[in-house]
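Peer 1: Can you read through this structure? Questions will come right after.
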Protein chains: 2
Amino acid sequence: MTEFDLIEKYFVRLTPAGRGVALGVGDDAALLAVAPGSELVVTTDTLVAGVHYFADADPAAVGYKALAVNLSDLAAMGAVPRWFTLALTLSATELTPVWLDGFSAGLAQLAREHGIALVGGDLCQGPPAITIGALGECPQGQARRRAGARAGDLIYVSGPLGSAAWALAQLKAGLNPDPACLARLLRPVPRVALGCSLRSIASAMIDVSDGLLADLGHLLNASDVGARLDIDTIPYHASLDHDPAQKWRHVLSGGDDYELCFTVPPDRQEQLASIDDPVCRIGEITPDKGLSCVRNNGTEYVPDRTGYVHF
Amino acid sequence: MTEFDLIEKYFVRLTPAGRGVALGVGDDAALLAVAPGSELVVTTDTLVAGVHYFADADPAAVGYKALAVNLSDLAAMGAVPRWFTLALTLSATELTPVWLDGFSAGLAQLAREHGIALVGGDLCQGPPAITIGALGECPQGQARRRAGARAGDLIYVSGPLGSAAWALAQLKAGLNPDPACLARLLRPVPRVALGCSLRSIASAMIDVSDGLLADLGHLLNASDVGARLDIDTIPYHASLDHDPAQKWRHVLSGGDDYELCFTVPPDRQEQLASIDDPVCRIGEITPDKGLSCVRNNGTEYVPDRTGYVHF
């Protein structure tokens with residue numbers, strides 16, 4: 001089967017008509033219409049077999065997650081996802097109808113949920129890796145950045161942290177993870193609707209991909225402020241209490257959660273209360289640099305590491 | 001060194017200020033301003049070590065070429081390159097100052113030539129591969145596609161074919177390639193200015209990446225026409241005559257040339273003559289499907305294969 005046959009068979013279903021696509025997959029490049037008054041929002045992320053997912057993982061979950069981590073980056077800007085490209089390097093192991101069908105089905109599921117279209121790609125043979133480029137739109141000047149948090153702003157997260165890291169730790173130990181935690185590792189939900197709702201509410205925003213301390217740290221650096229985290233207020237899945245020794249490590253430094261972490265000025269608390277998605281207040285921005293983790297008895301907790309280290 | 005240190009050290013120089021970039025590298029996503037009246041033109045291509053380049057290749061040439069092949073796709077639409085993303089997966093072999101410095105210098109050279117900015121990326125450890133996503137602009141409705149060629153249109157290429165394939169064949173045989181041919185393998189020149197000039201002249205266009213017969217074949221399929229190639233009129237480097245047995249194979253089916261192949265209606269020949277870039281007429285579009293290769297003595301040449309086979 002040629003590259004072109006594979007694209008025709010497994011990936012053309014990902015390119016529905018319309019949706020701002022003047023010319024989609026199958027030419028040298030795609031032609032897209034960005035809505036007038038919108039900024040183009042662009043991100044790219046790679047998943048490498050054996051690094052970001054188990055080489056024998058369910059291909060549908062791999063396809064889903066490769067897109068989800070990119071949509072999470074768009075969500076963290078407050079952008080609406082519109083299009084994506086797919087650069088797929090596969091070894092003989094993946095070049096089977098079962099793998100390709102599963103992979104494209106997982107990808108298609110999330111693409112359909114968000115009404116986005118595949119507009120280009122590349123298919124190579126080599127050590128398996130998946131790079132997706134995601135393109136979104138945001139009304140001019142309304143995107144949320146990492147910079148923008150001010151002393152006195154309150155810090156929120158959009159959901160429980162540490163579930164994915166806990167599930168991964170259990171898998172690595174040969175144990176059966178809690179199904180809810182495993183689902184968060186395999187099929188994280190990018191908080192796209194929430195990100196858009198927060199455009200006029202949040203002062204700064206980031207998604208939690210490398211762990212709360214690391215990602216909040218980026219937000220603090222970009223905003224030139226510090227923070228106090230009330231760590232007993234951070235939501236986490238009850239099954240993490242089974243391993244008290246590792247709990248805080250997973251909650252504070254576990255990667256792969258893809259919840260949003262954002263800051264809200266005191267005078268926008270009412271506006272925040274009006275949105276549907278559940279969010280959880282976990283701390284406050286301080287004028288002093290640095291990030292302190294405080295227990296509910298007032299003592300300070302000193303974490304042993306901050307987040308996922310790439311190199 | 002962390003991912004962030006590496007980006008700071010080697011890649012921030014690729015993100016000059018201005019150029020439609022409201023927010024560049026260093027946030028969850030970039031924010032870009034597409035010019036009003038322009039379509040966004042998007043493409044992506046991967047180079048895998050050991051497949052698309054030798055694992056021990058000069059890193060500057062690898063960086064240059066990874067961007068060049070993407071700019072060639074934009075050129076084939078008649079688009080002006082504007083921005084690019086870089087997803088870089090590297091093994092310990094490449095994670096050295098020498099490799100990273102060389103790679104980013106090669107990339108920077110071509111990026112500077114075209115005035116384009118790096119706007120995002122991802123850096124992972126794993127089997128080495130480089131995926132670039134290139135973004136360009138084209139005035140609304142003026143991009144050239146593979147479809148659009150009509151019977152009677154004349155077929156052109158923008159430069160000599162087969163040089164890269166010939167250089168690669170010599171390298172594989174342990175011989176020293178002709179330097180001019182080697183340069184075309186290592187540092188192909190994307191025909192960006194020509195592509196833009198051809199917007200109002202060409203009826204259909206494609207870049208020659210997989211070989212003339214394969215790529216012209218895509219153009220013919222998309223346009224629902226056939227062609228007669230006068231193969232003795234196809235330009236090629238004189239050193240290919242050293243291997244007459246393989247010459248036509250390299251010229252007709254050798255990949256990696258990155259010249260433009262395009263069709264021009266008879267009534268636009270004068271307009272074509274007015275542009276500066278040298279182009280070479282090599283055949284004519286026919287109403288009958290199929291692609292015939294004709295020698296200057298009138299006999300038909302039957303090629304042994306059409307182009308680079310990806311799978």
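The chains in the structure tokens are called A, B, ... from first to last as shown; in each chain the residues are counted from 1, and the ligands are counted from 1 in the order shown.
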Give the residues of chain B that lie within 6 Å of chain A; count only C-alpha atoms, and format the answer as a CSV table (one decimal) with all heavy atoms, in the first residue's frame.
Peer 2:
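And here's out.csv as it stands now:
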chain,number,residue,atom,x,y,z
B,2,THR,N,17.7,21.8,30.7
B,2,THR,CA,16.2,21.5,30.6
B,2,THR,C,15.8,21.8,29.1
B,2,THR,O,16.5,22.5,28.4
B,2,THR,CB,15.4,22.3,31.5
B,2,THR,OG1,15.4,23.6,31.1
B,2,THR,CG2,15.8,22.2,33.0
B,28,ASP,N,1.7,28.7,25.8
B,28,ASP,CA,1.1,27.4,25.4
B,28,ASP,C,0.9,27.3,23.9
B,28,ASP,O,1.0,26.2,23.3
B,28,ASP,CB,-0.2,27.2,26.1
B,28,ASP,CG,-0.1,27.1,27.6
B,28,ASP,OD1,0.5,26.0,28.0
B,28,ASP,OD2,-0.4,28.0,28.3
B,29,ALA,N,0.8,28.4,23.2
B,29,ALA,CA,0.6,28.5,21.8
B,29,ALA,C,1.0,29.9,21.3
B,29,ALA,O,1.1,30.8,22.1
B,29,ALA,CB,-0.8,28.2,21.4
B,30,ALA,N,1.2,30.0,20.0
B,30,ALA,CA,1.6,31.3,19.4
B,30,ALA,C,0.3,32.0,18.9
B,30,ALA,O,-0.7,31.4,18.6
B,30,ALA,CB,2.6,31.1,18.3
B,31,LEU,N,0.4,33.4,18.9
B,31,LEU,CA,-0.7,34.1,18.4
B,31,LEU,C,-0.2,34.9,17.1
B,31,LEU,O,0.7,35.6,17.2
B,31,LEU,CB,-1.2,35.2,19.4
B,31,LEU,CG,-1.7,34.6,20.7
B,31,LEU,CD1,-2.1,35.7,21.7
B,31,LEU,CD2,-3.0,33.7,20.4
B,32,LEU,N,-0.9,34.7,16.0
B,32,LEU,CA,-0.4,35.2,14.7
B,32,LEU,C,-1.5,36.0,14.0
B,32,LEU,O,-2.7,35.7,14.2
B,32,LEU,CB,0.0,34.1,13.8
B,32,LEU,CG,1.0,33.1,14.4
B,32,LEU,CD1,1.2,31.9,13.5
B,32,LEU,CD2,2.3,33.8,14.7
B,33,ALA,N,-1.1,37.0,13.3
B,33,ALA,CA,-2.0,37.9,12.6
B,33,ALA,C,-1.9,37.5,11.1
B,33,ALA,O,-0.9,37.9,10.5
B,33,ALA,CB,-1.8,39.3,12.8
B,39,GLU,N,-5.4,34.0,2.3
B,39,GLU,CA,-5.7,32.7,2.8
B,39,GLU,C,-4.4,32.2,3.6
B,39,GLU,O,-3.3,32.6,3.3
B,39,GLU,CB,-6.0,31.7,1.7
B,39,GLU,CG,-7.4,31.9,1.2
B,39,GLU,CD,-7.7,31.0,0.0
B,39,GLU,OE1,-6.8,30.9,-0.9
B,39,GLU,OE2,-8.8,30.4,0.0
B,40,LEU,N,-4.7,31.4,4.6
B,40,LEU,CA,-3.6,30.8,5.4
B,40,LEU,C,-3.2,29.5,4.6
B,40,LEU,O,-4.1,28.7,4.2
B,40,LEU,CB,-4.1,30.5,6.8
B,40,LEU,CG,-3.0,29.7,7.7
B,40,LEU,CD1,-1.9,30.6,8.0
B,40,LEU,CD2,-3.7,29.2,8.9
B,41,VAL,N,-1.9,29.3,4.4
B,41,VAL,CA,-1.4,28.1,3.6
B,41,VAL,C,-0.6,27.3,4.6
B,41,VAL,O,0.3,27.8,5.2
B,41,VAL,CB,-0.6,28.6,2.4
B,41,VAL,CG1,-0.3,27.3,1.5
B,41,VAL,CG2,-1.4,29.6,1.6
B,42,VAL,N,-0.9,26.0,4.8
B,42,VAL,CA,-0.4,25.2,5.8
B,42,VAL,C,0.2,23.9,5.3
B,42,VAL,O,-0.5,23.2,4.5
B,42,VAL,CB,-1.5,24.8,6.9
B,42,VAL,CG1,-0.9,23.9,7.9
B,42,VAL,CG2,-2.0,26.1,7.5
B,43,THR,N,1.4,23.5,5.7
B,43,THR,CA,1.9,22.2,5.3
B,43,THR,C,2.8,21.7,6.4
B,43,THR,O,3.2,22.4,7.3
B,43,THR,CB,2.7,22.3,4.0
B,43,THR,OG1,3.1,21.0,3.5
B,43,THR,CG2,4.0,23.2,4.1
B,44,THR,N,3.1,20.4,6.4
B,44,THR,CA,4.0,19.8,7.4
B,44,THR,C,4.8,18.6,6.7
B,44,THR,O,4.2,17.9,5.9
B,44,THR,CB,3.3,19.4,8.6
B,44,THR,OG1,4.2,19.0,9.6
B,44,THR,CG2,2.3,18.2,8.4
B,45,ASP,N,6.0,18.5,7.1
B,45,ASP,CA,6.9,17.4,6.6
B,45,ASP,C,7.9,17.0,7.6
B,45,ASP,O,8.4,17.8,8.4
B,45,ASP,CB,7.6,17.9,5.4
B,45,ASP,CG,7.0,17.4,4.1
B,45,ASP,OD1,6.7,16.2,4.0
B,45,ASP,OD2,6.9,18.2,3.1
B,73,ASP,N,6.9,23.2,-0.4
B,73,ASP,CA,5.5,22.9,-0.5
B,73,ASP,C,4.7,24.2,-0.6
B,73,ASP,O,3.7,24.3,-1.3
B,73,ASP,CB,5.0,22.1,0.7
B,73,ASP,CG,5.3,20.6,0.5
B,73,ASP,OD1,5.2,20.1,-0.7
B,73,ASP,OD2,5.6,19.9,1.5
B,121,GLY,N,7.1,25.0,19.1
B,121,GLY,CA,7.7,23.8,18.9
B,121,GLY,C,7.7,22.9,20.1
B,121,GLY,O,7.0,23.1,21.1
B,122,ASP,N,8.3,21.8,20.0
B,122,ASP,CA,8.4,20.7,21.0
B,122,ASP,C,9.7,20.0,20.9
B,122,ASP,O,10.2,19.9,19.8
B,122,ASP,CB,7.2,19.8,20.8
B,122,ASP,CG,7.0,18.8,22.0
B,122,ASP,OD1,7.5,19.2,23.1
B,122,ASP,OD2,6.4,17.8,21.8
B,311,PHE,N,6.3,3.4,1.1
B,311,PHE,CA,6.0,2.2,1.9
B,311,PHE,C,6.2,0.9,1.1
B,311,PHE,O,6.0,0.9,-0.1
B,311,PHE,CB,4.5,2.2,2.5
B,311,PHE,CG,4.4,3.3,3.5
B,311,PHE,CD1,3.9,4.5,3.2
B,311,PHE,CD2,4.8,3.0,4.8
B,311,PHE,CE1,3.8,5.5,4.1
B,311,PHE,CE2,4.7,4.0,5.8
B,311,PHE,CZ,4.2,5.3,5.4
Peer 1: Run DSSP on the backbone and tell me which residues of segment 135-241 of chain A come out as strand (DSSP E); list them as a tab-separated table (two decimals) with N, CA, C and O atoms, in the first residue's frame.
Peer 2:
chain	number	residue	atom	x	y	z
A	135	LEU	N	-4.30	24.18	15.04
A	135	LEU	CA	-4.55	25.57	14.67
A	135	LEU	C	-5.92	25.97	15.20
A	135	LEU	O	-6.89	25.23	15.01
A	136	GLY	N	-5.98	27.11	15.87
A	136	GLY	CA	-7.25	27.59	16.39
A	136	GLY	C	-7.42	29.06	16.13
A	136	GLY	O	-6.54	29.72	15.54
A	137	GLU	N	-8.56	29.56	16.54
A	137	GLU	CA	-8.85	30.98	16.38
A	137	GLU	C	-9.26	31.58	17.72
A	137	GLU	O	-9.88	30.89	18.54
A	138	CYS	N	-8.94	32.84	17.89
A	138	CYS	CA	-9.35	33.55	19.10
A	138	CYS	C	-9.63	34.99	18.70
A	138	CYS	O	-8.85	35.57	17.93
A	139	PRO	N	-10.72	35.57	19.21
A	139	PRO	CA	-10.98	36.97	18.86
A	139	PRO	C	-9.76	37.81	19.21
A	139	PRO	O	-9.17	37.65	20.29
A	154	LEU	N	-6.55	35.21	42.61
A	154	LEU	CA	-6.71	33.88	43.17
A	154	LEU	C	-6.39	32.83	42.11
A	154	LEU	O	-6.61	33.06	40.91
A	155	ILE	N	-5.84	31.70	42.58
A	155	ILE	CA	-5.39	30.65	41.67
A	155	ILE	C	-6.40	29.51	41.67
A	155	ILE	O	-6.84	29.07	42.74
A	156	TYR	N	-6.72	29.03	40.47
A	156	TYR	CA	-7.70	27.95	40.32
A	156	TYR	C	-7.14	26.82	39.45
A	156	TYR	O	-6.27	27.04	38.62
A	157	VAL	N	-7.69	25.62	39.67
A	157	VAL	CA	-7.50	24.55	38.69
A	157	VAL	C	-8.88	24.01	38.30
A	157	VAL	O	-9.85	24.14	39.05
A	204	ALA	N	-4.37	35.17	33.77
A	204	ALA	CA	-3.31	34.37	33.16
A	204	ALA	C	-3.76	32.92	33.17
A	204	ALA	O	-4.59	32.52	33.99
A	205	MET	N	-3.21	32.12	32.26
A	205	MET	CA	-3.68	30.73	32.16
A	205	MET	C	-2.59	29.86	31.56
A	205	MET	O	-1.80	30.31	30.73
A	206	ILE	N	-2.58	28.58	31.98
A	206	ILE	CA	-1.66	27.58	31.43
A	206	ILE	C	-2.34	26.23	31.59
A	206	ILE	O	-3.24	26.09	32.42
A	207	ASP	N	-1.94	25.23	30.81
A	207	ASP	CA	-2.47	23.89	31.08
A	207	ASP	C	-1.43	23.09	31.86
A	207	ASP	O	-0.22	23.35	31.76
A	226	GLY	N	4.87	35.71	42.56
A	226	GLY	CA	4.99	34.44	43.25
A	226	GLY	C	3.61	33.93	43.64
A	226	GLY	O	2.59	34.50	43.22
A	227	ALA	N	3.58	32.85	44.43
A	227	ALA	CA	2.28	32.31	44.82
A	227	ALA	C	2.36	31.54	46.12
A	227	ALA	O	3.41	31.01	46.49
A	228	ARG	N	1.23	31.51	46.81
A	228	ARG	CA	1.05	30.61	47.94
A	228	ARG	C	-0.01	29.59	47.55
A	228	ARG	O	-1.13	29.95	47.15
A	229	LEU	N	0.36	28.32	47.58
A	229	LEU	CA	-0.60	27.26	47.28
A	229	LEU	C	-1.09	26.66	48.59
A	229	LEU	O	-0.28	26.25	49.43
A	230	ASP	N	-2.41	26.62	48.77
A	230	ASP	CA	-3.00	25.93	49.93
A	230	ASP	C	-3.23	24.49	49.49
A	230	ASP	O	-4.29	24.15	48.95
Peer 1: Can you tell me how far atom CA of Pro160 of chain A sits from atom CA of Arg112 of chain A, in Å to one decimal?
Peer 2: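 Computing it gives 25.4 Å between the two atoms.
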Peer 1: For segment 96-105 of chain A, list every protein, DNA or RNA residue within 6 Å, evaluated using only C-alpha atoms, and leave out those in the same chain fewer than 4 positions away; present the list as an NGL selection string.
Peer 2: :A and (59-60 or 63)
Peer 1: Limited to N, CA and C atoms, could you put the picked residues into a file as a compact mmCIF listing (two decimals), in the first residue's frame?
Peer 2:
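For reference, again33.txt as written:
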# COMPACT_ATOMS: atom_id res chain seq x y z
N PRO A 59 -4.10 1.64 20.16
CA PRO A 59 -3.87 2.70 19.16
C PRO A 59 -4.94 3.79 19.19
N ALA A 60 -6.17 3.44 19.56
CA ALA A 60 -7.22 4.46 19.62
C ALA A 60 -6.90 5.49 20.70
N GLY A 63 -4.09 7.76 19.38
CA GLY A 63 -4.61 8.75 18.44
C GLY A 63 -5.37 9.86 19.16
Peer 1: Counting only C-alpha atoms, what is within 8 Å of Val62 of chain B, bar same-chain residues fewer than 4 positions away, as an NGL selection string?
Peer 2: :B and (53 or 57-58 or 66 or 103 or 106 or 186)
Peer 1: Between atom CA of Arg19 of chain B and atom CA of Asp277 of chain B, what distance in Å does the model show, to one decimal?
Peer 2: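 Atom CA of Asp277 of chain B lies at a distance of 26.5 Å from atom CA of Arg19 of chain B.
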Peer 1: Check segment 50-224 of chain B with DSSP on the backbone and list each residue it calls alpha helix (DSSP H), as a PyMOL selection string.
Peer 2: chain B and resi 59-75+97-114+163-172+179-186+192-197+212-223
